[in-house]
file my_file.csv (CSV, C-alpha atoms and all ligand atoms)
chain,number,residue,atom,x,y,z
A,54,MET,CA,-175.0,-19.5,-23.6
A,55,VAL,CA,-177.9,-19.7,-21.2
A,56,LYS,CA,-180.1,-16.8,-22.1
A,57,LYS,CA,-182.5,-16.7,-19.1
A,58,GLY,CA,-182.2,-17.2,-15.3
A,59,LEU,CA,-185.1,-18.0,-13.0
A,60,VAL,CA,-185.3,-15.3,-10.4
A,61,PHE,CA,-187.8,-15.3,-7.6
A,62,ASN,CA,-186.9,-12.0,-5.9
A,63,ILE,CA,-184.9,-8.9,-6.4
A,64,GLN,CA,-184.0,-6.7,-3.4
A,65,ARG,CA,-182.6,-3.2,-3.9
A,66,PHE,CA,-180.6,-1.3,-1.3
A,67,THR,CA,-179.9,-4.5,0.8
A,68,ILE,CA,-177.0,-4.4,3.2
A,69,HIS,CA,-176.7,-8.0,4.2
A,70,ASP,CA,-174.9,-10.0,1.6
A,71,GLY,CA,-171.7,-8.2,0.8
A,72,PRO,CA,-170.3,-4.7,1.5
A,73,GLY,CA,-172.2,-1.4,1.0
A,74,LEU,CA,-175.6,-0.9,-0.6
A,75,ARG,CA,-176.4,-3.8,-3.0
A,76,THR,CA,-178.9,-5.1,-5.5
A,77,GLU,CA,-179.5,-8.8,-4.7
A,78,LEU,CA,-181.0,-11.3,-7.1
A,79,PHE,CA,-182.4,-14.6,-5.7
A,80,PHE,CA,-182.4,-17.6,-8.0
A,81,LYS,CA,-184.8,-20.5,-7.8
A,82,GLY,CA,-183.9,-24.1,-7.1
A,83,CYS,CA,-181.9,-25.7,-4.3
A,84,PRO,CA,-180.4,-29.2,-3.8
A,85,LEU,CA,-180.5,-28.8,0.0
A,86,ARG,CA,-183.6,-29.0,2.3
A,87,CYS,CA,-182.5,-27.2,5.4
A,88,LYS,CA,-185.1,-27.7,8.1
A,89,TRP,CA,-184.9,-24.0,9.1
A,90,CYS,CA,-185.0,-22.6,5.5
A,91,GLY,CA,-186.9,-19.2,5.5
A,92,ASN,CA,-187.3,-19.2,1.8
A,93,PRO,CA,-189.5,-22.2,0.8
A,94,GLU,CA,-190.3,-20.5,-2.4
A,95,SER,CA,-186.7,-20.9,-3.5
A,96,LEU,CA,-186.5,-24.7,-3.2
A,97,LYS,CA,-188.1,-25.9,-6.5
A,98,ALA,CA,-186.4,-25.0,-9.7
A,99,ASN,CA,-189.6,-24.1,-11.5
A,100,ILE,CA,-192.2,-21.3,-11.4
A,101,GLN,CA,-194.7,-21.8,-8.6
A,102,LEU,CA,-197.9,-20.1,-7.5
A,103,GLY,CA,-198.5,-19.4,-3.8
A,104,VAL,CA,-201.9,-18.6,-2.4
A,105,TYR,CA,-202.6,-16.4,0.6
A,106,LYS,CA,-206.1,-17.6,1.4
A,107,ASN,CA,-206.8,-15.0,4.0
A,108,LYS,CA,-206.5,-12.3,1.4
A,109,CYS,CA,-209.0,-14.0,-1.0
A,110,ILE,CA,-212.2,-12.0,-1.2
A,111,SER,CA,-214.1,-15.2,-2.3
A,112,LYS,CA,-215.2,-16.5,-5.6
A,113,ASN,CA,-218.8,-15.4,-5.2
A,114,LYS,CA,-217.9,-11.7,-4.5
A,115,CYS,CA,-214.9,-11.6,-6.8
A,116,GLY,CA,-214.1,-14.6,-9.0
A,117,ALA,CA,-211.7,-12.6,-11.2
A,118,CYS,CA,-209.2,-15.6,-11.2
A,119,LEU,CA,-211.9,-18.0,-12.4
A,120,GLU,CA,-212.9,-15.6,-15.2
A,121,VAL,CA,-209.4,-15.5,-16.7
A,122,CYS,CA,-208.2,-19.1,-16.0
A,123,PRO,CA,-208.1,-21.3,-19.1
A,124,GLN,CA,-208.1,-24.4,-16.9
A,125,LYS,CA,-210.9,-23.6,-14.3
A,126,ASP,CA,-210.2,-26.8,-12.3
A,127,ALA,CA,-206.6,-25.6,-11.7
A,128,LEU,CA,-208.0,-23.2,-9.0
A,129,GLN,CA,-209.2,-25.0,-5.9
A,130,PHE,CA,-211.6,-23.3,-3.5
A,131,HIS,CA,-212.8,-24.2,0.0
A,132,ARG,CA,-215.8,-22.4,1.4
A,133,GLY,CA,-215.5,-19.9,-1.4
A,134,LYS,CA,-211.9,-19.0,-0.8
A,135,LEU,CA,-209.0,-20.0,-3.1
A,136,VAL,CA,-206.9,-22.4,-1.1
A,137,SER,CA,-204.6,-24.2,-3.6
A,138,PHE,CA,-203.8,-25.1,-7.2
A,139,ASN,CA,-203.9,-28.3,-9.2
A,140,TYR,CA,-200.4,-28.0,-10.7
A,141,ASP,CA,-201.1,-30.8,-13.1
A,142,LEU,CA,-203.7,-28.6,-14.8
A,143,CYS,CA,-202.1,-25.2,-14.3
A,144,THR,CA,-200.3,-24.0,-17.4
A,145,ASN,CA,-198.4,-21.2,-15.6
A,146,CYS,CA,-200.1,-18.6,-17.8
A,147,ASN,CA,-200.0,-16.2,-14.9
A,148,ALA,CA,-203.4,-14.7,-15.8
A,149,CYS,CA,-204.9,-15.2,-12.3
A,150,VAL,CA,-201.9,-13.5,-10.7
A,151,ASP,CA,-202.5,-10.4,-12.8
A,152,ALA,CA,-206.3,-10.5,-12.4
A,153,CYS,CA,-206.5,-10.9,-8.6
A,154,PRO,CA,-207.4,-7.6,-7.1
A,155,ALA,CA,-206.4,-8.7,-3.5
A,156,GLU,CA,-202.9,-10.0,-4.2
A,157,ALA,CA,-204.0,-13.3,-2.9
A,158,ILE,CA,-202.0,-15.1,-5.6
A,159,LYS,CA,-198.3,-14.7,-5.8
A,160,GLN,CA,-196.1,-16.0,-8.6
A,161,TRP,CA,-192.7,-17.2,-7.4
A,162,GLY,CA,-190.1,-17.2,-10.2
A,163,LYS,CA,-189.7,-15.2,-13.3
A,164,GLU,CA,-187.5,-15.9,-16.3
A,165,MET,CA,-185.2,-12.9,-16.8
A,166,SER,CA,-182.6,-12.2,-19.5
A,167,ILE,CA,-179.2,-10.7,-18.7
A,168,GLU,CA,-180.4,-7.3,-20.1
A,169,GLU,CA,-183.5,-7.4,-17.9
A,170,CYS,CA,-181.4,-8.0,-14.8
A,171,MET,CA,-178.9,-5.3,-15.8
A,172,GLU,CA,-181.8,-2.8,-16.2
A,173,VAL,CA,-182.6,-3.2,-12.6
A,174,ILE,CA,-178.9,-3.4,-11.5
A,175,ARG,CA,-178.0,-0.2,-13.3
A,176,LYS,CA,-180.7,1.9,-11.5
A,177,ASP,CA,-178.6,2.0,-8.4
A,178,LYS,CA,-175.1,2.3,-9.8
A,179,GLY,CA,-174.6,5.7,-8.1
A,180,TYR,CA,-175.4,4.1,-4.7
A,181,TYR,CA,-172.9,1.3,-5.3
A,182,GLU,CA,-170.2,3.8,-6.1
A,183,ARG,CA,-170.9,6.0,-3.0
A,184,SER,CA,-171.3,3.1,-0.5
A,185,GLY,CA,-168.7,0.5,-1.9
A,186,GLY,CA,-171.6,-1.8,-2.8
A,187,GLY,CA,-172.6,-3.7,-5.9
A,188,VAL,CA,-174.5,-6.8,-7.0
A,189,SER,CA,-175.1,-10.0,-5.0
A,190,VAL,CA,-176.6,-13.3,-6.1
A,191,SER,CA,-178.2,-15.8,-3.8
A,192,GLY,CA,-180.9,-18.4,-3.8
A,193,GLY,CA,-182.0,-21.1,-3.5
A,194,GLU,CA,-178.6,-22.2,-4.8
A,195,ALA,CA,-177.2,-19.7,-7.2
A,196,LEU,CA,-174.7,-22.3,-8.4
A,197,LEU,CA,-177.5,-24.1,-10.3
A,198,HIS,CA,-177.5,-21.0,-12.5
A,199,SER,CA,-173.7,-20.6,-12.8
A,200,ASP,CA,-173.7,-20.3,-16.7
A,201,PHE,CA,-176.2,-17.5,-16.5
A,202,ILE,CA,-174.6,-15.7,-13.6
A,203,ARG,CA,-171.1,-16.0,-15.2
A,204,GLU,CA,-172.5,-13.9,-18.2
A,205,LEU,CA,-174.3,-11.5,-15.9
A,206,PHE,CA,-171.2,-10.9,-13.7
A,207,LYS,CA,-169.1,-10.5,-16.8
A,208,VAL,CA,-171.3,-7.6,-17.8
A,209,CYS,CA,-171.2,-6.2,-14.3
A,210,LYS,CA,-167.4,-6.3,-14.2
A,211,GLU,CA,-167.2,-4.6,-17.6
A,212,GLU,CA,-169.3,-1.8,-16.1
A,213,GLY,CA,-167.2,-1.6,-12.9
A,214,ILE,CA,-169.7,-3.1,-10.5
A,215,HIS,CA,-168.6,-5.2,-7.5
A,216,THR,CA,-170.0,-8.7,-7.5
A,217,CYS,CA,-170.7,-11.1,-4.7
A,218,PHE,CA,-171.8,-14.8,-5.0
A,219,GLU,CA,-173.6,-16.4,-2.0
A,220,SER,CA,-173.7,-20.2,-2.2
A,221,ALA,CA,-173.9,-23.3,0.0
A,222,PHE,CA,-171.1,-24.7,-2.2
A,223,HIS,CA,-172.9,-28.0,-2.6
A,224,GLY,CA,-172.2,-28.5,-6.3
A,225,ASN,CA,-169.4,-29.5,-8.6
A,226,TRP,CA,-166.2,-27.5,-8.4
A,227,SER,CA,-166.5,-26.9,-12.2
A,228,GLU,CA,-169.7,-24.8,-11.5
A,229,ILE,CA,-167.8,-22.6,-9.0
A,230,GLU,CA,-164.9,-22.3,-11.5
A,231,LYS,CA,-167.2,-20.9,-14.1
A,232,VAL,CA,-168.1,-17.8,-11.9
A,233,LEU,CA,-164.7,-17.4,-10.2
A,234,PRO,CA,-163.1,-15.0,-12.8
A,235,TYR,CA,-166.0,-12.5,-12.5
A,236,THR,CA,-166.8,-12.7,-8.8
A,237,ASP,CA,-165.1,-10.4,-6.3
A,238,LEU,CA,-166.4,-11.9,-3.1
A,239,PHE,CA,-168.0,-15.3,-2.1
A,240,ILE,CA,-170.2,-16.0,0.9
A,241,SER,CA,-170.7,-19.6,1.9
A,242,ASP,CA,-171.7,-21.4,5.1
A,243,ILE,CA,-170.8,-24.3,7.3
A,244,LYS,CA,-173.9,-25.7,8.8
A,245,HIS,CA,-172.4,-28.6,10.7
A,246,MET,CA,-169.1,-30.4,10.7
A,247,ASP,CA,-170.6,-33.8,11.3
A,248,PRO,CA,-171.6,-35.4,7.9
A,249,GLU,CA,-174.5,-37.4,9.4
A,250,ILE,CA,-176.0,-34.6,11.4
A,251,HIS,CA,-175.6,-32.4,8.4
A,252,LYS,CA,-177.5,-34.9,6.2
A,253,GLU,CA,-180.2,-35.3,8.8
A,254,ASN,CA,-180.9,-31.6,8.9
A,255,THR,CA,-180.2,-30.5,5.3
A,256,GLY,CA,-180.8,-33.6,3.2
A,257,VAL,CA,-177.2,-33.8,2.0
A,258,SER,CA,-173.8,-34.7,3.5
A,259,ASN,CA,-171.3,-31.8,4.1
A,260,ALA,CA,-168.5,-33.7,2.2
A,261,LYS,CA,-168.8,-31.8,-1.1
A,262,ILE,CA,-169.2,-28.5,0.6
A,263,LEU,CA,-166.1,-28.9,2.7
A,264,GLU,CA,-164.2,-30.2,-0.3
A,265,ASN,CA,-165.2,-27.1,-2.3
A,266,LEU,CA,-164.2,-24.8,0.5
A,267,ILE,CA,-160.8,-26.4,0.6
A,268,SER,CA,-160.4,-26.0,-3.2
A,269,PHE,CA,-161.6,-22.4,-2.9
A,270,SER,CA,-158.9,-21.6,-0.3
A,271,LYS,CA,-156.3,-22.3,-3.0
A,272,THR,CA,-157.7,-19.5,-5.2
A,273,ASP,CA,-156.9,-15.8,-4.8
A,274,LYS,CA,-160.6,-14.8,-4.1
A,275,GLU,CA,-162.1,-13.6,-0.8
A,276,LEU,CA,-164.5,-15.5,1.3
A,277,ILE,CA,-167.0,-14.8,4.1
A,278,ILE,CA,-168.2,-17.9,6.0
A,279,ARG,CA,-171.4,-18.0,7.9
A,280,ILE,CA,-172.8,-20.4,10.5
A,281,PRO,CA,-176.6,-20.3,10.9
A,282,VAL,CA,-176.8,-21.1,14.6
A,283,ILE,CA,-179.8,-23.4,15.0
A,284,PRO,CA,-181.0,-24.5,18.4
A,285,ASN,CA,-180.4,-28.3,19.1
A,286,VAL,CA,-178.9,-28.7,15.6
A,287,ASN,CA,-175.4,-27.1,15.6
A,288,ASP,CA,-175.3,-24.9,18.7
A,289,SER,CA,-172.8,-27.0,20.7
A,290,GLN,CA,-169.3,-25.9,21.7
A,291,GLU,CA,-168.0,-29.2,20.2
A,292,ASN,CA,-169.3,-28.3,16.8
A,293,MET,CA,-167.9,-24.7,17.0
A,294,GLU,CA,-164.5,-26.1,17.9
A,295,ALA,CA,-164.6,-28.5,15.0
A,296,THR,CA,-165.5,-25.6,12.7
A,297,ALA,CA,-162.7,-23.5,14.0
A,298,ASP,CA,-160.2,-26.3,13.5
A,299,PHE,CA,-161.4,-26.8,9.9
A,300,ILE,CA,-161.1,-23.0,9.1
A,301,LEU,CA,-157.7,-22.8,10.7
A,302,ASN,CA,-156.2,-26.0,9.4
A,303,GLN,CA,-157.8,-26.4,6.0
A,304,LEU,CA,-158.8,-23.0,4.7
A,305,ASP,CA,-155.4,-21.4,4.7
A,306,GLY,CA,-156.4,-18.1,6.3
A,307,LYS,CA,-158.8,-17.4,3.4
A,308,VAL,CA,-161.8,-16.6,5.6
A,309,ARG,CA,-162.0,-12.8,5.8
A,310,THR,CA,-164.9,-12.8,8.3
A,311,LEU,CA,-166.9,-15.5,10.1
A,312,GLN,CA,-170.5,-14.4,10.7
A,313,LEU,CA,-172.8,-16.2,13.2
A,314,LEU,CA,-176.4,-15.8,12.3
A,315,SER,CA,-179.0,-16.4,14.9
A,316,PHE,CA,-182.0,-18.7,14.1
A,317,MET,CA,-185.2,-16.8,13.4
A,318,ARG,CA,-188.6,-18.2,12.7
A,319,LEU,CA,-189.0,-17.0,9.1
A,320,GLY,CA,-191.2,-17.8,6.2
A,321,GLU,CA,-194.1,-19.6,8.0
A,322,GLU,CA,-196.7,-17.8,6.0
A,323,LYS,CA,-194.9,-18.6,2.7
A,324,TYR,CA,-194.8,-22.3,3.7
A,325,GLN,CA,-198.6,-22.2,4.2
A,326,SER,CA,-199.1,-20.3,0.9
A,327,LEU,CA,-197.2,-23.1,-0.9
A,328,GLY,CA,-199.0,-25.9,0.9
A,329,MET,CA,-195.7,-27.0,2.6
A,330,GLU,CA,-195.1,-28.0,6.1
A,331,TYR,CA,-192.8,-25.8,8.3
A,332,ASN,CA,-190.4,-28.0,10.2
A,333,MET,CA,-189.5,-25.5,12.9
A,334,SER,CA,-192.9,-24.6,14.3
A,335,ASP,CA,-192.3,-26.4,17.6
A,336,VAL,CA,-188.8,-24.8,18.2
A,337,LYS,CA,-188.9,-22.4,21.0
A,338,VAL,CA,-186.0,-20.0,21.6
A,339,ARG,CA,-185.3,-17.9,24.7
A,340,ARG,CA,-184.0,-15.0,22.7
A,341,VAL,CA,-181.8,-13.3,25.3
A,342,SER,CA,-180.0,-16.4,26.5
A,343,PHE,CA,-179.6,-17.7,22.9
A,344,GLN,CA,-178.0,-14.4,21.8
A,345,LYS,CA,-175.7,-14.6,24.8
A,346,LYS,CA,-174.7,-18.2,23.8
A,347,ILE,CA,-174.0,-17.0,20.2
A,348,ALA,CA,-171.9,-14.0,21.6
A,349,LYS,CA,-169.8,-16.5,23.5
A,350,PHE,CA,-169.2,-18.6,20.4
A,351,ALA,CA,-168.1,-15.4,18.6
A,352,GLU,CA,-165.7,-14.7,21.5
A,353,TYR,CA,-164.3,-18.2,21.2
A,354,PHE,CA,-163.6,-17.9,17.4
A,355,ASN,CA,-161.9,-14.5,18.0
A,356,SER,CA,-159.8,-16.1,20.7
A,357,ARG,CA,-158.6,-18.6,18.1
A,358,GLY,CA,-157.6,-15.8,15.8
A,359,ILE,CA,-160.7,-16.0,13.5
A,360,HIS,CA,-162.3,-12.6,12.8
A,361,CYS,CA,-165.9,-13.4,13.9
A,362,LEU,CA,-169.0,-11.2,14.4
A,363,VAL,CA,-172.7,-11.9,15.1
A,364,GLY,CA,-174.9,-10.9,12.2
A,365,THR,CA,-174.1,-10.0,8.6
A,366,LYS,CA,-171.7,-7.2,9.5
A,367,GLU,CA,-167.9,-7.3,8.8
A,368,LYS,CA,-167.1,-4.5,11.2
A,369,GLN,CA,-168.3,-3.8,14.7
A,401,LIG,S1,-201.6,-19.6,-13.8
A,401,LIG,FE1,-203.1,-19.6,-15.5
A,401,LIG,S2,-203.7,-21.8,-15.6
A,401,LIG,FE2,-202.7,-21.5,-13.7
A,401,LIG,S3,-204.3,-21.2,-12.2
A,401,LIG,FE3,-203.6,-19.2,-12.9
A,401,LIG,S4,-204.9,-18.6,-14.6
A,401,LIG,FE4,-205.2,-20.8,-14.3
A,402,LIG,S1,-209.1,-13.2,-7.9
A,402,LIG,FE1,-208.1,-13.2,-6.0
A,402,LIG,S2,-209.6,-12.4,-4.5
A,402,LIG,FE2,-210.7,-12.9,-6.4
A,402,LIG,S3,-211.5,-15.0,-6.0
A,402,LIG,FE3,-209.6,-15.2,-7.1
A,402,LIG,S4,-208.0,-15.4,-5.4
A,402,LIG,FE4,-209.9,-14.6,-4.5
call {"tool": "encode", "arguments": {"input": "my_file.csv", "output": "structure tokens"}}
result
Amino acid sequence: MVKKGLVFNIQRFTIHDGPGLRTELFFKGCPLRCKWCGNPESLKANIQLGVYKNKCISKNKCGACLEVCPQKDALQFHRGKLVSFNYDLCTNCNACVDACPAEAIKQWGKEMSIEECMEVIRKDKGYYERSGGGVSVSGGEALLHSDFIRELFKVCKEEGIHTCFESAFHGNWSEIEKVLPYTDLFISDIKHMDPEIHKENTGVSNAKILENLISFSKTDKELIIRIPVIPNVNDSQENMEATADFILNQLDGKVRTLQLLSFMRLGEEKYQSLGMEYNMSDVKVRRVSFQKKIAKFAEYFNSRGIHCLVGTKEKQ
């Protein structure tokens, strides 16, 4: 049994991934590299340090991180401010994170046991019961942690807590099967129906994802599908029609709601803090006309008999 999962964020009282009020755990590591990803801290499956250099007071006035670091050269400064880390030297001891008085250093990722996760989850049990909520897991790609999540959800189900698994479904079907018995609701997405365009924009083909969705449609579980609508990537009528055909012809009526999510420029500061390039900085969106375009897509899906809404809602 896997004893620990690598969690990079926990959100309480969230309303986006599943019904009611939820506690959502975000797991680290992802096999996809979607150009529009708003969570760059989720991509690597190891603990990472991010630095918000504008918050650094400077090593001459503060220097608290240098005082505690056992590998002084792991901290890299420019004009007195901490700007990055030498990850070959850093031992992930976390001392600088705790010592920094300015919150200029952020640790992304924490190993948590089932019991540590349950301690957080149980705090809001009353809210789940009153709102019809529960626990959600996401990522990164939560499927990379399927052994751990299987055990976590098993405990949740023993305690009567609703469970929701959000995944891109790019993994072996056997990983999905592990969590199936303990998951009430799944959320997945279709980013593009064309395998080449999918690969160009996410780093992987959509073949495995579509195959898993078809296998999923043969189970008795419920599914929400999302399309992140990205300008000049998948926002064509042709792609929406191909997606509707796939849902209607291959998924056997298993999609309980299709949700269209509008592109937002998210996470730029986090990209900077991790020394990563943000691929969408040149993308300009005319918000009103883009929203109108997405509303038209929603109308189209509904006209084909697919219950479709804009945003993460399930009801108008
Ligand atoms: S995590 Fe530890 S070793 Fe790494 S930079 Fe911070 S104090 Fe130094
Ligand atoms: S402890 Fe924080 S504020 Fe102080 S020098 Fe280091 S990064 Fe800057």
call {"tool": "residues_around", "arguments": {"input": "my_file.csv", "residues": "A:Leu362", "least_positions_apart": "5", "cutoff": "12 Å", "atoms": "all atoms listed in the file", "output": "VMD selection string"}}
result
chain A and resid 277 to 280 309 to 315 347 to 355 367 to 369
call {"tool": "closest_atom_pairs", "arguments": {"input": "my_file.csv", "of": "stretch 316-360 of chain A", "to": "stretch 127-138 of chain A", "cutoff": "9 Å", "atoms": "all atoms listed in the file", "output": "CSV"}}
result
residue,atom,partner,partner_atom,distance
A:Ser326,CA,A:Ser137,CA,8.1
A:Leu327,CA,A:Ser137,CA,8.0
A:Gly328,CA,A:Ser137,CA,7.4
call {"tool": "residues_around", "arguments": {"input": "my_file.csv", "residues": "stretch 159-169 of chain A", "least_positions_apart": "6", "cutoff": "7 Å", "atoms": "only C-alpha atoms", "output": "list of chain:residue names"}}
result
A:Lys56, A:Lys57, A:Gly58, A:Leu59, A:Val60, A:Phe61, A:Lys81, A:Glu94, A:Ile100, A:Gln101, A:Leu102, A:Gly103, A:Val104, A:Val150, A:Leu205
call {"tool": "write_last_selection", "arguments": {"input": "my_file.csv", "atoms": "C-alpha atoms", "output": "short mmCIF file (atom, residue, chain, number, x, y, z; two decimals), keeping the file's coordinate frame"}}
result
data_model
loop_
_atom_site.label_atom_id
_atom_site.label_comp_id
_atom_site.auth_asym_id
_atom_site.auth_seq_id
_atom_site.Cartn_x
_atom_site.Cartn_y
_atom_site.Cartn_z
CA LYS A 56 -180.10 -16.80 -22.10
CA LYS A 57 -182.50 -16.70 -19.10
CA GLY A 58 -182.20 -17.20 -15.30
CA LEU A 59 -185.10 -18.00 -13.00
CA VAL A 60 -185.30 -15.30 -10.40
CA PHE A 61 -187.80 -15.30 -7.60
CA LYS A 81 -184.80 -20.50 -7.80
CA GLU A 94 -190.30 -20.50 -2.40
CA ILE A 100 -192.20 -21.30 -11.40
CA GLN A 101 -194.70 -21.80 -8.60
CA LEU A 102 -197.90 -20.10 -7.50
CA GLY A 103 -198.50 -19.40 -3.80
CA VAL A 104 -201.90 -18.60 -2.40
CA VAL A 150 -201.90 -13.50 -10.70
CA LEU A 205 -174.30 -11.50 -15.90
#
call {"tool": "residues_near_ligand", "arguments": {"input": "my_file.csv", "ligand": "ligand LIG 402 (chain A)", "cutoff": "7 Å", "atoms": "all atoms listed in the file", "output": "list in words"}}
result
Lys108, Cys109, Ile110, Ser111, Lys112, Cys115, Gly116, Ala117, Cys118, Leu119, Lys134, Leu135, Cys149, Ala152, Cys153, Pro154, Ala155, Glu156, Ala157 and Ile158 of chain A
call {"tool": "write_last_selection", "arguments": {"input": "my_file.csv", "atoms": "C-alpha atoms", "output": "PDB file, in the coordinates of the input"}}
result
ATOM      1  CA  LYS A 108    -206.500 -12.300   1.400  1.00  0.00           C
ATOM      2  CA  CYS A 109    -209.000 -14.000  -1.000  1.00  0.00           C
ATOM      3  CA  ILE A 110    -212.200 -12.000  -1.200  1.00  0.00           C
ATOM      4  CA  SER A 111    -214.100 -15.200  -2.300  1.00  0.00           C
ATOM      5  CA  LYS A 112    -215.200 -16.500  -5.600  1.00  0.00           C
ATOM      6  CA  CYS A 115    -214.900 -11.600  -6.800  1.00  0.00           C
ATOM      7  CA  GLY A 116    -214.100 -14.600  -9.000  1.00  0.00           C
ATOM      8  CA  ALA A 117    -211.700 -12.600 -11.200  1.00  0.00           C
ATOM      9  CA  CYS A 118    -209.200 -15.600 -11.200  1.00  0.00           C
ATOM     10  CA  LEU A 119    -211.900 -18.000 -12.400  1.00  0.00           C
ATOM     11  CA  LYS A 134    -211.900 -19.000  -0.800  1.00  0.00           C
ATOM     12  CA  LEU A 135    -209.000 -20.000  -3.100  1.00  0.00           C
ATOM     13  CA  CYS A 149    -204.900 -15.200 -12.300  1.00  0.00           C
ATOM     14  CA  ALA A 152    -206.300 -10.500 -12.400  1.00  0.00           C
ATOM     15  CA  CYS A 153    -206.500 -10.900  -8.600  1.00  0.00           C
ATOM     16  CA  PRO A 154    -207.400  -7.600  -7.100  1.00  0.00           C
ATOM     17  CA  ALA A 155    -206.400  -8.700  -3.500  1.00  0.00           C
ATOM     18  CA  GLU A 156    -202.900 -10.000  -4.200  1.00  0.00           C
ATOM     19  CA  ALA A 157    -204.000 -13.300  -2.900  1.00  0.00           C
ATOM     20  CA  ILE A 158    -202.000 -15.100  -5.600  1.00  0.00           C
TER      21      ILE A 158
END
call {"tool": "residues_around", "arguments": {"input": "my_file.csv", "residues": "stretch 187-195 of chain A", "least_positions_apart": "5", "cutoff": "7 Å", "atoms": "all atoms listed in the file", "output": "list in words"}}
result
Asp70, Gly71, Leu74, Arg75, Thr76, Glu77, Leu78, Phe79, Phe80, Lys81, Gly82, Cys83, Ser95, Leu96, Tyr181, Ile214, His215, Thr216, Cys217, Phe218, Glu219, Ser220 and Ala221 of chain A
call {"tool": "residues_near_ligand", "arguments": {"input": "my_file.csv", "ligand": "ligand LIG 401 (chain A)", "cutoff": "6 Å", "atoms": "only C-alpha atoms and all ligand atoms", "output": "PDB file with C-alpha atoms, in the frame of the given file"}}
result
ATOM      1  CA  VAL A 121    -209.400 -15.500 -16.700  1.00  0.00           C
ATOM      2  CA  CYS A 122    -208.200 -19.100 -16.000  1.00  0.00           C
ATOM      3  CA  PRO A 123    -208.100 -21.300 -19.100  1.00  0.00           C
ATOM      4  CA  GLN A 124    -208.100 -24.400 -16.900  1.00  0.00           C
ATOM      5  CA  ALA A 127    -206.600 -25.600 -11.700  1.00  0.00           C
ATOM      6  CA  LEU A 128    -208.000 -23.200  -9.000  1.00  0.00           C
ATOM      7  CA  CYS A 143    -202.100 -25.200 -14.300  1.00  0.00           C
ATOM      8  CA  THR A 144    -200.300 -24.000 -17.400  1.00  0.00           C
ATOM      9  CA  ASN A 145    -198.400 -21.200 -15.600  1.00  0.00           C
ATOM     10  CA  CYS A 146    -200.100 -18.600 -17.800  1.00  0.00           C
ATOM     11  CA  ASN A 147    -200.000 -16.200 -14.900  1.00  0.00           C
ATOM     12  CA  ALA A 148    -203.400 -14.700 -15.800  1.00  0.00           C
ATOM     13  CA  CYS A 149    -204.900 -15.200 -12.300  1.00  0.00           C
TER      14      CYS A 149
END
call {"tool": "atom_distance", "arguments": {"input": "my_file.csv", "atom1": "atom CA of A:Glu322", "atom2": "atom CA of A:Ser258"}}
result
28.6 Å
call {"tool": "atom_distance", "arguments": {"input": "my_file.csv", "atom1": "atom CA of A:Gln64", "atom2": "atom CA of A:Lys176"}}
result
12.3 Å
call {"tool": "residues_around", "arguments": {"input": "my_file.csv", "residues": "A:Asn259", "least_positions_apart": "2", "cutoff": "9 Å", "atoms": "all atoms listed in the file", "output": "count of residues only"}}
result
15
call {"tool": "closest_residue", "arguments": {"input": "my_file.csv", "among": "A:Ser334, A:Asn292, A:Ser342, A:Thr255", "to": "A:Glu321", "atoms": "only C-alpha atoms"}}
result
A:Ser334
call {"tool": "atom_distance", "arguments": {"input": "my_file.csv", "atom1": "atom CA of A:Ile174", "atom2": "atom CA of A:Val208"}}
result
10.7 Å
call {"tool": "residues_near_point", "arguments": {"input": "my_file.csv", "point": "(-185.3, -22.0, 16.5)", "cutoff": "7 Å", "atoms": "only C-alpha atoms", "output": "ChimeraX atom specification"}}
result
/A:283-284,316-318,333,336-338
call {"tool": "write_last_selection", "arguments": {"input": "my_file.csv", "atoms": "C-alpha atoms", "output": "PDB file, keeping the file's coordinate frame"}}
result
ATOM      1  CA  ILE A 283    -179.800 -23.400  15.000  1.00  0.00           C
ATOM      2  CA  PRO A 284    -181.000 -24.500  18.400  1.00  0.00           C
ATOM      3  CA  PHE A 316    -182.000 -18.700  14.100  1.00  0.00           C
ATOM      4  CA  MET A 317    -185.200 -16.800  13.400  1.00  0.00           C
ATOM      5  CA  ARG A 318    -188.600 -18.200  12.700  1.00  0.00           C
ATOM      6  CA  MET A 333    -189.500 -25.500  12.900  1.00  0.00           C
ATOM      7  CA  VAL A 336    -188.800 -24.800  18.200  1.00  0.00           C
ATOM      8  CA  LYS A 337    -188.900 -22.400  21.000  1.00  0.00           C
ATOM      9  CA  VAL A 338    -186.000 -20.000  21.600  1.00  0.00           C
TER      10      VAL A 338
END
call {"tool": "residues_near_point", "arguments": {"input": "my_file.csv", "point": "(-179.7, -26.4, 5.4)", "cutoff": "7 Å", "atoms": "all atoms listed in the file", "output": "ChimeraX atom specification"}}
result
/A:85-90,244,254-255
call {"tool": "closest_residue", "arguments": {"input": "my_file.csv", "among": "A:Glu120, A:Ser184, A:Asn107, A:Asn92", "to": "A:Asp151", "atoms": "all atoms listed in the file"}}
result
A:Glu120
call {"tool": "residues_around", "arguments": {"input": "my_file.csv", "residues": "A:Lys271", "least_positions_apart": "3", "cutoff": "8 Å", "atoms": "all atoms listed in the file", "output": "list in words"}}
result
Ile267, Ser268 and Asp305 of chain A
call {"tool": "closest_residue", "arguments": {"input": "my_file.csv", "among": "A:Pro72, A:Gly306, A:Phe343, A:Thr296", "to": "A:Leu238", "atoms": "only C-alpha atoms"}}
result
A:Pro72
